[in-house]
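File shown: start_19.cif. Contents: mmCIF, C-alpha atoms and all ligand atoms.
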data_final
loop_
_atom_site.label_atom_id
_atom_site.label_comp_id
_atom_site.auth_asym_id
_atom_site.auth_seq_id
_atom_site.Cartn_x
_atom_site.Cartn_y
_atom_site.Cartn_z
CA MET Z 1 17.86 19.87 -27.21
CA ASN Z 2 20.63 17.52 -26.29
CA MET Z 3 22.85 15.14 -28.21
CA VAL Z 4 22.30 12.01 -26.15
CA PHE Z 5 21.10 8.84 -27.79
CA ARG Z 6 17.39 8.22 -27.49
CA PRO Z 7 15.67 5.25 -29.07
CA THR Z 8 12.87 5.84 -31.57
CA PRO Z 9 10.37 4.49 -31.01
CA PRO Z 10 10.93 3.88 -27.28
CA LEU Z 11 10.64 0.34 -25.95
CA THR Z 12 7.10 -0.34 -24.69
CA LEU Z 13 7.18 -1.62 -21.12
CA PRO Z 14 4.63 -4.13 -19.79
CA SER Z 15 1.89 -2.29 -17.88
CA ASP Z 16 -0.17 -3.48 -14.91
CA GLN Z 17 -3.16 -1.68 -16.46
CA ASP Z 18 -3.58 -4.24 -19.26
CA ALA Z 19 -2.72 -7.79 -20.36
CA SER Z 20 0.88 -6.81 -21.15
CA GLY Z 21 1.74 -6.72 -17.46
CA ARG Z 22 -0.86 -8.97 -15.87
CA THR Z 23 -0.89 -12.73 -15.37
CA LEU Z 24 -4.63 -13.29 -15.92
CA GLY Z 25 -5.50 -16.21 -18.17
CA ALA Z 26 -6.90 -19.71 -18.51
CA GLU Z 27 -6.93 -20.48 -14.77
CA GLU Z 28 -9.10 -17.46 -13.94
CA LEU Z 29 -11.36 -18.13 -16.93
CA ALA Z 30 -11.94 -21.75 -15.86
CA LEU Z 31 -12.83 -20.74 -12.30
CA LEU Z 32 -15.06 -17.94 -13.55
CA ALA Z 33 -16.89 -20.39 -15.81
CA GLU Z 34 -17.34 -22.68 -12.83
CA VAL Z 35 -18.89 -19.86 -10.81
CA ILE Z 36 -21.13 -18.70 -13.65
CA ASN Z 37 -22.32 -22.24 -14.30
CA SER Z 38 -23.06 -22.72 -10.62
CA GLY Z 39 -25.42 -19.74 -10.68
CA THR Z 40 -24.17 -18.70 -7.22
CA LEU Z 41 -22.44 -15.34 -7.40
CA THR Z 42 -22.64 -14.35 -3.74
CA VAL Z 43 -19.88 -15.36 -1.34
CA THR Z 44 -22.44 -16.01 1.39
CA LYS Z 45 -23.56 -19.13 -0.51
CA GLY Z 46 -20.55 -19.95 -2.70
CA LYS Z 47 -17.34 -21.90 -2.09
CA VAL Z 48 -14.81 -20.31 -4.44
CA ALA Z 49 -14.09 -17.07 -2.54
CA LYS Z 50 -13.85 -19.19 0.62
CA SER Z 51 -11.18 -21.37 -0.97
CA PHE Z 52 -9.24 -18.28 -1.88
CA GLU Z 53 -9.45 -17.07 1.72
CA THR Z 54 -8.20 -20.42 3.03
CA GLY Z 55 -5.42 -20.56 0.45
CA PHE Z 56 -4.30 -16.98 1.01
CA ALA Z 57 -4.24 -17.39 4.79
CA ALA Z 58 -2.09 -20.51 4.35
CA MET Z 59 0.28 -18.75 1.95
CA ILE Z 60 0.82 -15.86 4.39
CA GLY Z 61 0.87 -18.18 7.39
CA ALA Z 62 -2.14 -16.48 8.99
CA LYS Z 63 -5.00 -18.25 10.76
CA HIS Z 64 -7.87 -16.27 9.22
CA ALA Z 65 -8.48 -14.31 6.01
CA HIS Z 66 -11.61 -12.50 4.84
CA GLY Z 67 -12.12 -11.14 1.35
CA CYS Z 68 -13.95 -7.84 0.87
CA SER Z 69 -14.72 -5.22 -1.75
CA SER Z 70 -11.51 -3.14 -1.69
CA GLY Z 71 -8.29 -2.39 0.13
CA SER Z 72 -9.99 0.66 1.63
CA ALA Z 73 -12.80 -1.57 2.89
CA ALA Z 74 -10.18 -3.93 4.35
CA VAL Z 75 -8.64 -1.07 6.34
CA HIS Z 76 -12.10 0.14 7.38
CA CYS Z 77 -12.98 -3.33 8.68
CA ALA Z 78 -9.80 -3.51 10.73
CA ILE Z 79 -10.44 -0.09 12.27
CA ALA Z 80 -14.07 -0.93 12.97
CA ALA Z 81 -12.94 -4.13 14.70
CA ILE Z 82 -10.73 -1.99 16.97
CA ASN Z 83 -13.93 -0.05 17.74
CA PRO Z 84 -12.52 3.39 18.62
CA GLU Z 85 -14.53 5.89 20.68
CA PRO Z 86 -15.26 9.12 18.79
CA GLY Z 87 -12.18 11.32 19.04
CA ASP Z 88 -9.78 8.46 19.78
CA GLU Z 89 -6.51 8.82 17.90
CA ILE Z 90 -5.07 6.46 15.32
CA ILE Z 91 -1.46 7.04 14.38
CA THR Z 92 -0.82 6.61 10.68
CA THR Z 93 1.63 7.71 8.01
CA SER Z 94 1.81 10.93 6.03
CA ILE Z 95 2.70 8.99 2.86
CA THR Z 96 0.11 6.41 1.87
CA ASP Z 97 -3.00 5.84 -0.22
CA MET Z 98 -6.13 7.78 0.84
CA GLY Z 99 -7.88 4.41 1.16
CA ALA Z 100 -5.81 3.79 4.27
CA LEU Z 101 -6.83 7.13 5.82
CA SER Z 102 -10.46 8.01 5.16
CA PRO Z 103 -11.74 4.90 7.04
CA ILE Z 104 -10.21 6.32 10.22
CA VAL Z 105 -12.44 9.39 9.93
CA PHE Z 106 -15.51 7.35 8.93
CA GLN Z 107 -15.11 5.47 12.23
CA GLY Z 108 -15.05 8.77 14.13
CA ALA Z 109 -11.37 8.60 15.00
CA ILE Z 110 -8.66 11.21 14.45
CA PRO Z 111 -5.80 10.34 12.08
CA VAL Z 112 -2.57 11.48 13.72
CA PHE Z 113 0.16 11.60 11.13
CA ALA Z 114 3.60 10.29 12.00
CA ASP Z 115 6.63 11.47 10.06
CA VAL Z 116 8.51 9.00 7.86
CA ASP Z 117 12.11 7.97 7.43
CA PRO Z 118 13.57 10.20 4.68
CA VAL Z 119 15.19 7.23 2.92
CA SER Z 120 12.50 4.52 3.07
CA GLY Z 121 9.38 6.68 3.27
CA ASN Z 122 8.14 4.32 6.02
CA VAL Z 123 7.07 5.24 9.54
CA THR Z 124 9.47 4.09 12.28
CA ALA Z 125 9.14 3.28 15.98
CA ASP Z 126 10.65 6.72 16.70
CA THR Z 127 8.30 8.72 14.46
CA ILE Z 128 5.32 6.79 15.91
CA ALA Z 129 6.53 7.29 19.49
CA ALA Z 130 6.63 11.06 18.87
CA ARG Z 131 2.86 11.07 18.19
CA LEU Z 132 1.66 8.79 20.99
CA SER Z 133 -0.83 10.19 23.49
CA ASP Z 134 -3.18 8.80 26.11
CA ARG Z 135 -5.85 8.80 23.40
CA THR Z 136 -3.89 6.61 20.95
CA LYS Z 137 -6.18 3.68 20.18
CA ALA Z 138 -4.29 2.04 17.30
CA ILE Z 139 -1.34 2.37 14.92
CA ILE Z 140 -1.59 1.76 11.17
CA VAL Z 141 1.62 1.25 9.22
CA THR Z 142 1.98 1.12 5.43
CA HIS Z 143 4.77 -1.01 3.97
CA LEU Z 144 5.50 1.51 1.24
CA PHE Z 145 6.17 0.11 -2.26
CA GLY Z 146 6.43 -3.37 -0.73
CA ASN Z 147 9.34 -2.51 1.57
CA PRO Z 148 8.58 -3.66 5.14
CA CYS Z 149 8.55 -1.20 8.03
CA ASP Z 150 10.80 -2.17 10.92
CA MET Z 151 8.15 -4.34 12.54
CA THR Z 152 10.51 -5.56 15.27
CA ALA Z 153 10.93 -2.07 16.71
CA ILE Z 154 7.35 -1.02 15.99
CA MET Z 155 5.82 -4.08 17.69
CA GLU Z 156 8.15 -3.66 20.66
CA LEU Z 157 6.86 -0.11 21.13
CA ALA Z 158 3.22 -1.02 20.50
CA ASN Z 159 3.29 -4.08 22.77
CA ALA Z 160 4.89 -2.08 25.56
CA LYS Z 161 1.98 0.37 25.36
CA GLY Z 162 -0.69 -2.25 24.67
CA ILE Z 163 -1.71 -0.57 21.41
CA PRO Z 164 -2.89 -2.71 18.48
CA VAL Z 165 -1.13 -2.36 15.12
CA ILE Z 166 -2.85 -2.70 11.75
CA GLU Z 167 -0.53 -3.38 8.80
CA ASP Z 168 -1.48 -1.97 5.42
CA CYS Z 169 0.05 -4.56 3.09
CA ALA Z 170 -1.72 -3.36 -0.07
CA GLN Z 171 1.67 -2.90 -1.75
CA ALA Z 172 3.47 -5.70 0.06
CA PHE Z 173 2.12 -9.17 -0.82
CA LEU Z 174 4.58 -11.80 0.54
CA ALA Z 175 7.15 -9.22 1.68
CA THR Z 176 8.95 -10.52 4.75
CA HIS Z 177 10.64 -9.10 7.84
CA ARG Z 178 12.89 -11.58 9.67
CA GLY Z 179 11.37 -14.33 7.53
CA THR Z 180 7.76 -13.62 8.53
CA ALA Z 181 5.26 -12.28 6.00
CA VAL Z 182 4.05 -8.74 6.65
CA GLY Z 183 0.46 -8.70 7.79
CA ARG Z 184 1.29 -11.17 10.57
CA PHE Z 185 3.02 -8.83 13.00
CA GLY Z 186 0.05 -6.69 13.96
CA ILE Z 187 -3.47 -7.70 14.95
CA ALA Z 188 -4.48 -7.50 11.29
CA GLY Z 189 -2.98 -7.19 7.82
CA CYS Z 190 -4.93 -5.48 5.03
CA PHE Z 191 -4.41 -6.13 1.32
CA SER Z 192 -5.81 -4.64 -1.87
CA LEU Z 193 -6.68 -6.49 -5.08
CA GLN Z 194 -7.07 -3.32 -7.11
CA GLN Z 195 -5.93 -3.35 -10.75
CA GLY Z 196 -2.38 -2.18 -10.06
CA LYS Z 197 -1.52 -4.45 -7.12
CA HIS Z 198 0.58 -7.66 -7.23
CA ILE Z 199 -2.52 -9.77 -7.89
CA THR Z 200 -5.84 -8.28 -8.91
CA THR Z 201 -9.55 -8.81 -9.29
CA GLY Z 202 -10.09 -5.29 -10.62
CA GLU Z 203 -11.31 -4.24 -7.18
CA GLY Z 204 -11.10 -6.25 -4.00
CA GLY Z 205 -9.47 -6.54 -0.59
CA ILE Z 206 -8.39 -9.03 2.08
CA VAL Z 207 -7.94 -8.83 5.84
CA VAL Z 208 -5.83 -11.43 7.64
CA SER Z 209 -5.59 -11.99 11.38
CA ASP Z 210 -4.41 -14.67 13.79
CA ASP Z 211 -6.93 -13.57 16.40
CA ALA Z 212 -10.21 -15.48 16.08
CA LYS Z 213 -12.29 -12.86 17.89
CA PHE Z 214 -10.85 -10.03 15.85
CA ALA Z 215 -11.36 -11.97 12.61
CA ARG Z 216 -15.00 -12.53 13.60
CA GLN Z 217 -15.43 -8.75 14.01
CA ILE Z 218 -13.91 -8.29 10.54
CA PHE Z 219 -16.36 -10.81 9.11
CA LEU Z 220 -19.27 -9.06 10.79
CA PHE Z 221 -18.28 -5.61 9.52
CA ILE Z 222 -18.12 -6.99 5.97
CA ASN Z 223 -21.61 -8.45 6.44
CA LYS Z 224 -23.77 -5.64 7.92
CA ALA Z 225 -22.88 -7.10 11.31
CA TRP Z 226 -25.34 -9.92 10.71
CA GLY Z 227 -24.45 -12.90 12.87
CA TYR Z 228 -24.30 -15.61 10.21
CA GLY Z 229 -24.10 -19.02 11.81
CA ASP Z 230 -25.16 -17.84 15.27
CA ALA Z 231 -28.09 -19.39 17.13
CA ASN Z 232 -29.96 -16.07 17.39
CA PRO Z 233 -28.46 -13.81 14.74
CA ASP Z 234 -29.12 -10.06 14.73
CA HIS Z 235 -27.49 -6.94 13.26
CA TYR Z 236 -25.17 -6.55 16.22
CA SER Z 237 -23.80 -3.08 15.47
CA LEU Z 238 -23.32 -0.42 12.80
CA ALA Z 239 -21.73 -1.93 9.68
CA LEU Z 240 -21.87 -1.96 5.90
CA ASN Z 241 -22.04 -4.46 3.09
CA TYR Z 242 -18.36 -4.72 2.18
CA ARG Z 243 -18.64 -8.16 0.54
CA TRP Z 244 -16.93 -9.01 -2.69
CA SER Z 245 -18.43 -11.62 -5.04
CA GLU Z 246 -17.75 -15.16 -6.16
CA LEU Z 247 -16.68 -13.70 -9.51
CA GLN Z 248 -13.91 -11.74 -7.82
CA GLY Z 249 -13.15 -14.76 -5.65
CA ALA Z 250 -12.72 -16.91 -8.78
CA CYS Z 251 -10.36 -14.39 -10.29
CA ALA Z 252 -8.38 -14.17 -7.04
CA LEU Z 253 -8.20 -17.95 -6.66
CA GLY Z 254 -6.83 -18.21 -10.20
CA GLN Z 255 -4.16 -15.64 -9.36
CA LEU Z 256 -3.12 -17.09 -6.03
CA PRO Z 257 -0.74 -19.86 -7.19
CA LYS Z 258 0.95 -17.31 -9.47
CA LEU Z 259 1.73 -14.90 -6.64
CA PRO Z 260 5.03 -16.47 -5.49
CA GLU Z 261 6.39 -16.35 -9.08
CA ILE Z 262 5.20 -12.76 -9.51
CA VAL Z 263 7.06 -11.75 -6.38
CA LYS Z 264 10.16 -13.76 -7.31
CA SER Z 265 10.35 -12.14 -10.72
CA ARG Z 266 9.95 -8.61 -9.32
CA ARG Z 267 12.67 -9.27 -6.76
CA GLU Z 268 15.08 -10.59 -9.38
CA THR Z 269 14.64 -7.75 -11.85
CA ALA Z 270 14.79 -5.17 -9.03
CA LYS Z 271 18.06 -6.69 -7.85
CA ALA Z 272 19.44 -6.47 -11.39
CA MET Z 273 18.28 -2.87 -11.62
CA THR Z 274 19.98 -1.93 -8.36
CA ALA Z 275 23.22 -3.46 -9.64
CA GLU Z 276 22.90 -1.51 -12.90
CA LEU Z 277 22.42 1.76 -11.01
CA ALA Z 278 25.39 1.35 -8.66
CA GLY Z 279 27.67 4.32 -9.04
CA VAL Z 280 25.22 6.70 -10.75
CA ALA Z 281 25.98 9.95 -8.94
CA GLY Z 282 22.96 11.49 -7.25
CA ILE Z 283 20.80 8.36 -7.46
CA GLN Z 284 19.99 6.08 -4.55
CA ALA Z 285 18.37 2.68 -5.15
CA PRO Z 286 15.47 1.55 -2.89
CA PRO Z 287 16.68 0.80 0.63
CA GLN Z 288 16.58 -2.74 1.96
CA GLY Z 289 16.83 -3.55 5.65
CA GLU Z 290 19.17 -6.35 6.63
CA HIS Z 291 16.21 -8.45 7.85
CA ASP Z 292 13.79 -7.55 5.08
CA ASP Z 293 12.82 -9.06 1.76
CA PRO Z 294 10.77 -6.43 -0.10
CA VAL Z 295 8.52 -7.22 -3.06
CA PHE Z 296 8.88 -4.13 -5.25
CA TRP Z 297 5.34 -3.00 -5.96
CA LYS Z 298 7.20 -0.06 -7.47
CA TYR Z 299 10.90 0.67 -7.77
CA SER Z 300 11.53 3.88 -5.85
CA LEU Z 301 14.65 5.94 -6.50
CA LEU Z 302 15.92 8.84 -4.45
CA VAL Z 303 17.27 11.66 -6.59
CA ASP Z 304 19.60 14.19 -4.98
CA PRO Z 305 18.75 17.63 -6.43
CA ASN Z 306 22.17 18.92 -5.36
CA VAL Z 307 23.82 16.49 -7.76
CA ILE Z 308 21.18 16.18 -10.47
CA PRO Z 309 19.86 19.62 -11.42
CA GLY Z 310 16.07 19.69 -11.23
CA GLY Z 311 16.08 16.49 -9.14
CA ALA Z 312 13.30 13.90 -9.37
CA VAL Z 313 11.00 16.12 -11.44
CA ALA Z 314 13.63 16.78 -14.12
CA LEU Z 315 14.65 13.13 -14.24
CA GLY Z 316 11.00 12.04 -14.50
CA LYS Z 317 10.49 14.43 -17.40
CA ALA Z 318 13.61 13.19 -19.17
CA LEU Z 319 12.58 9.55 -18.72
CA LYS Z 320 9.22 10.26 -20.32
CA GLU Z 321 11.01 10.73 -23.64
CA TRP Z 322 12.22 7.16 -23.28
CA GLY Z 323 8.62 6.01 -22.79
CA ILE Z 324 9.17 5.46 -19.06
CA ALA Z 325 6.24 6.84 -17.05
CA SER Z 326 7.67 7.53 -13.59
CA ALA Z 327 6.01 9.46 -10.76
CA PRO Z 328 8.10 12.16 -9.09
CA ARG Z 329 6.87 12.82 -5.51
CA TYR Z 330 4.54 9.75 -5.60
CA ILE Z 331 1.47 11.32 -3.91
CA GLN Z 332 2.58 14.92 -4.71
CA LYS Z 333 1.98 16.17 -1.16
CA PRO Z 334 1.77 14.72 2.33
CA ALA Z 335 -1.69 13.30 3.09
CA PHE Z 336 -2.35 15.97 5.74
CA ARG Z 337 -2.17 18.64 3.05
CA CYS Z 338 -5.16 17.13 1.21
CA GLU Z 339 -8.35 19.17 1.54
CA VAL Z 340 -10.19 16.49 3.50
CA PHE Z 341 -7.72 16.87 6.40
CA ARG Z 342 -6.48 20.42 5.85
CA ASP Z 343 -10.02 21.86 5.71
CA GLN Z 344 -11.64 19.06 7.72
CA LYS Z 345 -14.27 18.37 5.08
CA THR Z 346 -16.21 15.50 6.61
CA PHE Z 347 -19.92 15.32 7.50
CA GLY Z 348 -21.93 18.32 6.34
CA ASN Z 349 -20.21 21.40 7.70
CA SER Z 350 -19.71 19.84 11.11
CA ARG Z 351 -15.97 19.09 10.76
CA TRP Z 352 -16.75 16.11 13.02
CA PRO Z 353 -14.82 14.17 14.35
CA PHE Z 354 -12.04 16.76 14.13
CA THR Z 355 -14.06 18.93 16.55
CA LEU Z 356 -13.09 16.37 19.20
CA ALA Z 357 -9.36 16.46 18.44
CA ARG Z 358 -6.56 17.71 20.67
CA PRO Z 359 -4.95 20.68 18.86
CA GLU Z 360 -1.58 18.87 18.86
CA ALA Z 361 -3.13 15.90 17.04
CA VAL Z 362 -4.13 18.04 14.07
CA ASP Z 363 -1.03 20.24 14.01
CA TYR Z 364 0.26 19.81 10.48
CA SER Z 365 3.17 22.27 10.75
CA ALA Z 366 5.96 21.41 8.32
CA GLU Z 367 8.56 21.36 11.16
CA LEU Z 368 6.90 18.20 12.49
CA PHE Z 369 7.48 16.35 9.22
CA PRO Z 370 11.09 16.84 8.06
CA GLY Z 371 11.41 13.25 6.79
CA THR Z 372 8.17 13.45 4.84
CA PHE Z 373 9.10 16.60 2.97
CA LYS Z 374 12.63 15.44 2.27
CA TYR Z 375 11.38 12.08 0.98
CA LEU Z 376 8.69 13.56 -1.26
CA GLU Z 377 11.15 16.06 -2.68
CA ARG Z 378 13.55 13.28 -3.71
CA VAL Z 379 11.51 10.22 -4.54
CA LEU Z 380 10.99 9.10 -8.13
CA VAL Z 381 8.69 6.11 -8.42
CA LEU Z 382 9.27 3.80 -11.36
CA PRO Z 383 6.56 1.36 -12.37
CA TRP Z 384 7.68 -2.22 -11.78
CA ASN Z 385 6.28 -5.44 -13.18
CA GLU Z 386 6.70 -9.21 -13.04
CA LYS Z 387 6.91 -9.32 -16.83
CA TYR Z 388 9.98 -7.12 -17.03
CA THR Z 389 12.81 -8.97 -18.77
CA ALA Z 390 16.57 -8.43 -18.63
CA GLU Z 391 16.10 -6.33 -21.75
CA HIS Z 392 13.58 -4.04 -20.03
CA VAL Z 393 15.83 -3.61 -17.01
CA GLU Z 394 18.81 -2.80 -19.20
CA TYR Z 395 16.71 -0.31 -21.15
CA ILE Z 396 15.46 1.51 -18.03
CA ALA Z 397 18.93 1.53 -16.50
CA LYS Z 398 20.44 2.91 -19.69
CA ALA Z 399 17.78 5.60 -19.79
CA ILE Z 400 18.54 6.59 -16.20
CA HIS Z 401 22.30 6.64 -16.85
CA GLN Z 402 21.92 8.81 -19.93
CA CYS Z 403 19.29 11.16 -18.50
CA CYS Z 404 21.33 11.67 -15.33
CA SER Z 405 24.53 12.49 -17.22
CA ALA Z 406 22.63 14.84 -19.53
CA LEU Z 407 21.07 16.64 -16.55
CA ARG Z 408 24.41 16.84 -14.71
CA GLU Z 409 26.08 18.26 -17.79
CA GLY Z 410 23.24 20.69 -18.34
CA THR Z 411 22.35 19.27 -21.75
CA GLY Z 412 19.15 17.58 -20.72
CA GLN Z 413 16.72 20.46 -20.41
C1 LIG O 1 -4.12 0.57 -3.04
C2 LIG O 1 -3.92 0.94 -1.63
C3 LIG O 1 -4.98 1.07 -0.70
C4 LIG O 1 -6.43 1.07 -1.12
O1 LIG O 1 -6.82 -0.03 -1.80
P1 LIG O 1 -8.12 0.06 -2.77
O2 LIG O 1 -8.31 -1.36 -3.16
O3 LIG O 1 -7.74 0.94 -3.90
O4 LIG O 1 -9.22 0.61 -1.96
C5 LIG O 1 -4.70 1.30 0.62
N1 LIG O 1 -3.43 1.44 1.03
C6 LIG O 1 -2.39 1.35 0.19
C7 LIG O 1 -1.01 1.49 0.74
C8 LIG O 1 -2.60 1.12 -1.17
O5 LIG O 1 -1.55 1.05 -2.00
#
How does this structure look as structure tokens?
Amino acid sequence: MNMVFRPTPPLTLPSDQDASGRTLGAEELALLAEVINSGTLTVTKGKVAKSFETGFAAMIGAKHAHGCSSGSAAVHCAIAAINPEPGDEIITTSITDMGALSPIVFQGAIPVFADVDPVSGNVTADTIAARLSDRTKAIIVTHLFGNPCDMTAIMELANAKGIPVIEDCAQAFLATHRGTAVGRFGIAGCFSLQQGKHITTGEGGIVVSDDAKFARQIFLFINKAWGYGDANPDHYSLALNYRWSELQGACALGQLPKLPEIVKSRRETAKAMTAELAGVAGIQAPPQGEHDDPVFWKYSLLVDPNVIPGGAVALGKALKEWGIASAPRYIQKPAFRCEVFRDQKTFGNSRWPFTLARPEAVDYSAELFPGTFKYLERVLVLPWNEKYTAEHVEYIAKAIHQCCSALREGTGQ
């Protein structure tokens, strides 16, 4: 083993999986008590989830917001509102959460994976343009780790072709591009309130839109397509119950005023971290576009395996001894290598809707995805949290400095 200093016991970092790294407290409890005492737990009759929706829309600057049961449900609602024909194509990213992908298939559309930029891990106007076809019905972008995609270029492309864009903002609450919050560039923005996101209700999701008609379709898909409030309501089309509850709404409403501080804190500590890491050979801090203000859901490093022997995997292993649980490769493999897409495991043995796909749309050859493979080979994802202090940042930076020198000198393995 090596001679480098290692603290015993390691510093325990705040975690988003428990109270150490969450901001839940008296405000949520008071609102939850209010809901319980009211006896109305469903959002169809209650007022608390509605006030969250109004408040969240205002905070983002959007006209409409609808809460739902998860981030996956939020994406599903947005796709359903687009209403693709079976076999229509939806361009998406090879690096994202499965919750952003499976809804495409459930709506009978074909996910067409665009490559990503090898430094940001985000799709770009160029990688999207390379996958366009006359069957492209929509584009879904993920603002990975809270770092905005280049929405100026992407919207220019999409508007020129008349193709709607859905933004997956699950990791990007209050991130901005040219001063505008993500989620407001496309026809809809989808958010997740899952345990590990910037604010949480355990499970939950939100869809925002400026388009009244589109927002109405979102509302209907959340509500079994039942026309609440209409003169002659009916179940207008195929839809699910994707509602969340007043209990989740209360929790979300309690969190909402804390969100700007959460984001501010993550930005400040991430900035300090980037300064601490300047000059570490073989390490690249998360990229930041000139017009972007990311929100650091995670802090993603790029590790050059030609400089640091063993690359991201070796560094991740070394950091573990410091009590820092990083994730080399993030999702391990590109989404298209998951069994559901690779083997087209969908409805029974039918492989539907992939039976309707153009062969080019489901060509997952590695040559088509150079950015994806390069990014996944190099990325090391560090957990990030609003409760990190200067001491935590210094500790993580010191660990990275020491682990990197040990690996470079061959004493770290
Ligand atoms: C978390 C996440 C989702 C899914 O959200 P759930 O609430 O877990 O369903 C979708 N997309 C991205 C980018 C995510 O990070």
Test item: residues no farther than 10 Å from ligand LIG 1 (chain O), counting all atoms listed in the file, as a PyMOL selection string: chain Z and resi 68-76+93+95-102+141-146+167-172+190-197+200-206+297
Neighbour residues at most 10 Å from (-12.8, -1.8, 10.7) (all atoms listed in the file) as a short mmCIF file (atom, residue, chain, number, x, y, z; two decimals) with C-alpha atoms, in the frame of the given file:
data_model
loop_
_atom_site.label_atom_id
_atom_site.label_comp_id
_atom_site.auth_asym_id
_atom_site.auth_seq_id
_atom_site.Cartn_x
_atom_site.Cartn_y
_atom_site.Cartn_z
CA SER Z 72 -9.99 0.66 1.63
CA ALA Z 73 -12.80 -1.57 2.89
CA ALA Z 74 -10.18 -3.93 4.35
CA VAL Z 75 -8.64 -1.07 6.34
CA HIS Z 76 -12.10 0.14 7.38
CA CYS Z 77 -12.98 -3.33 8.68
CA ALA Z 78 -9.80 -3.51 10.73
CA ILE Z 79 -10.44 -0.09 12.27
CA ALA Z 80 -14.07 -0.93 12.97
CA ALA Z 81 -12.94 -4.13 14.70
CA ILE Z 82 -10.73 -1.99 16.97
CA ASN Z 83 -13.93 -0.05 17.74
CA PRO Z 84 -12.52 3.39 18.62
CA PRO Z 103 -11.74 4.90 7.04
CA ILE Z 104 -10.21 6.32 10.22
CA PHE Z 106 -15.51 7.35 8.93
CA GLN Z 107 -15.11 5.47 12.23
CA VAL Z 207 -7.94 -8.83 5.84
CA PHE Z 214 -10.85 -10.03 15.85
CA GLN Z 217 -15.43 -8.75 14.01
CA ILE Z 218 -13.91 -8.29 10.54
CA PHE Z 219 -16.36 -10.81 9.11
CA LEU Z 220 -19.27 -9.06 10.79
CA PHE Z 221 -18.28 -5.61 9.52
CA ILE Z 222 -18.12 -6.99 5.97
CA ALA Z 239 -21.73 -1.93 9.68
#
Among listed residues Z:Glu276, Z:Glu321, Z:Glu386, Z:Glu156, nearest Z:Pro260 (using all atoms listed in the file): Z:Glu386
Given only C-alpha atoms as the counted atoms, nearest of Z:Arg178, Z:His64, Z:Lys333, Z:Lys50 to Z:Arg216: Z:His64
Counting only C-alpha atoms, the residue of Z:Pro86, Z:Pro148, Z:Gly227, Z:Gly121 that sits nearest Z:Val105: Z:Pro86
Nearest residue to Z:Gln255 from the set Z:Phe373, Z:Phe52, Z:Trp322, Z:Tyr395 (distances using all atoms listed in the file):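 Looking at the shortest contact to Z:Gln255, the residue is Z:Phe52.
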Separation of atom CA of Z:Leu24 from atom CA of Z:Glu394, in Å and rounded to one decimal: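 Interatomic distance here is 25.9 Å.
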Coordinates-based distance that separates atom CA of Z:Gly371 from atom CA of Z:Leu132 (Å, one decimal):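 Result for atom CA of Z:Leu132 versus atom CA of Z:Gly371: 17.8 Å, one decimal.
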Spatial neighbours of Z:His235, max dist 7 Å, only C-alpha atoms, sep filter under 3 positions, as a list in words: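 Residues near the query, excluding close chain neighbours: Lys224, Ala225, Trp226 and Gly227 of chain Z.
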Pick from Z:Gly316, Z:Pro164, Z:Gly61, Z:Pro286 nearest to Z:Asp210, counting only C-alpha atoms: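 For Z:Asp210, the nearest of the given residues is Z:Gly61.
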Separation of atom CA of Z:Thr274 from atom CA of Z:Asp150 in Å: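 Atom-to-atom, atom CA of Z:Asp150 to atom CA of Z:Thr274, that is 21.4 Å.
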Extending 4 Å beyond the listed atoms of stretch 377-391 of chain Z on each side, what axis-aligned box results? I want centre and edge lengths in Å to one decimal, as AutoDock Vina command-line options.
--center_x 11.4 --center_y 3.4 --center_z -12.2 --size_x 18.3 --size_y 33.4 --size_z 27.1
Expected residue set, 9 Å radius at (8.1, 10.9, 14.8), only C-alpha atoms, as a ChimeraX atom specification: /Z:113-117,123-131,368-369,371
Nearest candidate to Z:Pro294 (options Z:Thr180, Z:Ser365, Z:Gln344, Z:Thr389; using all atoms listed in the file):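 Of Z:Thr180, Z:Ser365, Z:Gln344, Z:Thr389, the one nearest Z:Pro294 is Z:Thr180, counting all atoms listed in the file.
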With the input short on atoms, add N, CA, C and O atoms back to stretch 262-266 of chain Z and write it as a PDB file, in the coordinates of the input.
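Heads up, here's the output in result20.pdb:
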ATOM      1  N   ILE Z 262       5.292 -14.199  -9.237  1.00  0.00           N
ATOM      2  CA  ILE Z 262       5.200 -12.760  -9.510  1.00  0.00           C
ATOM      3  C   ILE Z 262       6.201 -12.016  -8.618  1.00  0.00           C
ATOM      4  O   ILE Z 262       6.974 -11.172  -9.060  1.00  0.00           O
ATOM      5  N   VAL Z 263       6.181 -12.392  -7.353  1.00  0.00           N
ATOM      6  CA  VAL Z 263       7.060 -11.750  -6.380  1.00  0.00           C
ATOM      7  C   VAL Z 263       8.525 -12.070  -6.672  1.00  0.00           C
ATOM      8  O   VAL Z 263       9.394 -11.191  -6.633  1.00  0.00           O
ATOM      9  N   LYS Z 264       8.785 -13.327  -7.010  1.00  0.00           N
ATOM     10  CA  LYS Z 264      10.160 -13.760  -7.310  1.00  0.00           C
ATOM     11  C   LYS Z 264      10.712 -12.967  -8.496  1.00  0.00           C
ATOM     12  O   LYS Z 264      11.839 -12.466  -8.470  1.00  0.00           O
ATOM     13  N   SER Z 265       9.906 -12.855  -9.515  1.00  0.00           N
ATOM     14  CA  SER Z 265      10.350 -12.140 -10.720  1.00  0.00           C
ATOM     15  C   SER Z 265      10.628 -10.669 -10.417  1.00  0.00           C
ATOM     16  O   SER Z 265      11.639 -10.112 -10.850  1.00  0.00           O
ATOM     17  N   ARG Z 266       9.736 -10.027  -9.659  1.00  0.00           N
ATOM     18  CA  ARG Z 266       9.950  -8.610  -9.320  1.00  0.00           C
ATOM     19  C   ARG Z 266      11.218  -8.421  -8.492  1.00  0.00           C
ATOM     20  O   ARG Z 266      11.950  -7.461  -8.666  1.00  0.00           O
TER      21      ARG Z 266
END
